[in-house]
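Just below is one structure, and these are the notes that go with it.
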Amino acid sequence: MIPQAAPPLRVARFRREIDAAIAEVLSGPSFILGAAVAAFEHAFANHAGVEHCVGVASGTDALALALRALGIGPGDEVVVPALTFAGTAQAVLHCGASPRFAEVDPHTRCLDPAAVAAAIGQRTAAILPVHLFGFPADMPALTALAARHGLAVVEDCAQSHGATLDGRPLGSFGHAAAYSFYPTKNLGGIGDGGAVVTRDPALAARLRSLRNYGFEGPERVSRRLGFNARLDEIQAAILLALLPHLDAGNAERRAIAARYRALLAGTSLGLPPEDEGCVYHQFAVTHADRDGLMRRLARSGIGTAIHYAPGLHRHPAFAEGQPNSLPVTDALAATLLSLPIQPEVAAGAVERVAAAIQECLSCPA
Ligand SMILES: Cc1ncc(COP(=O)(O)O)c(C=O)c1O
């Protein structure tokens with residue numbers, strides 16, 4: 001069986017470094033917001049090309065705290081895509097605001113700037129683009145739009161660690177950017193974790209307070225409503241050990257994607273968009289009979305996954321007041337299929353996956 005993804009294989013690959021990182025925390029003086037969190041924040045901010053990184057408990061917390069730190073709250077609307085993980089819109093609800101779903105571009109699968117422009121209204125306070133599957137959203141157009149309307153921009157970088165757009169790191173375009181270190185991510189821990197990066201020192205200070213009961217500095221006095229949403233010390237130590245391998249892992253993903261493209265060219269599959277800055281968190285193809293193809297590949301021992309169906313505008317938690325028709329999102333949600341791309345799974349398996357797909361396509365069930 002070739003799984004669609006298998007985080008334990010990455011742990012096995014880097015086991016010695018992970019064990020050493022955990023051992024250092026175990027013998028150290030501090031298990032909460034200690035040296036590993038501080039060192040990881042410093043290293044990750046450098047990698048992301050920004051001044052500040054605040055480690056938090058998950059990607060959803062990163063989004064919710066970033067919005068809250070930017071002053072987004074009840075009565076505000078945040079423009080988001082509906083073709084994304086539920087956490088993107090959950091985070092908007094968590095800070096008391098409402099998600100306003102806008103259509104994605106059929107080619108990039110990320111927010112369509114024209115649709116965002118049409119969705120902006122009196123209550124709009126922010127735009128939250130998702131760099132879906134590691135492909136860069138159109139940040140020049142979206143940030144220009146935000147500047148014109150005085151809106152905040154929070155990038156959802158949960159799937160785009162190390163990705164760039166025209167050579168510039170994603171995560172450095174908006175007022176803040178949120179990362180998830182969920183185990184399947186391009187940089188993933190062995191549990192939950194997240195981070196917000198920003199160039200703005202005052203925003204970073206508010207985030208440090210929000211993640212830790214509203215405290216400021218060493219004083220244990222709540223200055224505002226805060227949360228226990230800190231990045232765990234052991235996860236930080238593991239992420240710090242894995243960070244030096246991120247760029248090489250992304251290069252492996254690009255090489256696997258190029259091989260898939262070569263082997264699947266000319267088939268009836270729709271292939272993902274190309275950009276040299278893309279980090280292929282997923283290699284998601286489209287096919288009219290997606291569910292049938294998925295079933296037949298499973299019978300051939302090949303794991304695939306669906307990201308994401310249904311669109312968030314069809315989830316009961318978010319549906320109220322939304323446009324009931326997002327045809328591009330619906331069409332993608334019905335046809336997208338993610339092939340194995342995690343290097344530890346896919347590096348030696350691309351030919352087998354592609355051959356099984358060719359076979360399924362050549363003799364439809
Ligand atoms: C695009 C996107 N946004 C937000 C999240 C939420 O991150 P977490 O699971 O760490 O809360 C995820 C992933 O899980 C994601 O893929």
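Residues are referred to by chain and number: the chain letter is A, B, ... according to the order shown in the structure tokens, the number counts from 1 in that chain, and ligands are numbered separately from 1 in the order shown.
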Query raised in the report: Using only C-alpha atoms and all ligand atoms, what are the residues with an atom within 6 Å of ligand 1, set out as a ChimeraX atom specification?
Result: /A:58-60,84-85,87-88,130,156,158-159,180-182,192-194
**Report entry** Residues within 12 Å of range 261-268 of chain A, only C-alpha atoms, excluding chain neighbours under 5 positions, as a ChimeraX atom specification
**Finding:** /A:254-256,273-274,283-290,293,339,350-362,364
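Using only C-alpha atoms for every distance, the candidate list A:Ala177, A:Ala309, A:Ala86, A:His107 yields A:Ala177 as the residue closest to Leu203 in chain A.
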Requested in this report: Could you pull out the residues in range 121-358 of chain A that DSSP calls strand (DSSP E or B) from the backbone, as a ChimeraX atom specification?
Outcome: /A:124-127,130,152-156,164-165,168-169,176-180,194-198,212,216,219,228,230,232,270,283-286,302,305,336-339
**Report entry** Distance query range 345-349 of chain A at most 10 Å, only C-alpha atoms, self and fewer than 4 positions along chain excluded, as an MDAnalysis selection string
**Finding:** chainID A and resid 2:7 9:10 252:253 255:257 259 302 339:341 353:354
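Across the structure, CA of Asp76 in chain A and CA of Gly134 in chain A are spaced 27.9 Å apart.
The shortest atom-to-atom distance to Leu312 in chain A, with only C-alpha atoms taken into account, belongs to A:Pro99 out of A:Gly28, A:Gly71, A:Gly226, A:Pro99.
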Query raised in the report: Which of range 152-365 of chain A counts as helix (DSSP H, G or I) under DSSP, as a PyMOL selection string please?
Result: chain A and resi 201-210+233-264+290-299+312-314+327-335+343-346+350-362
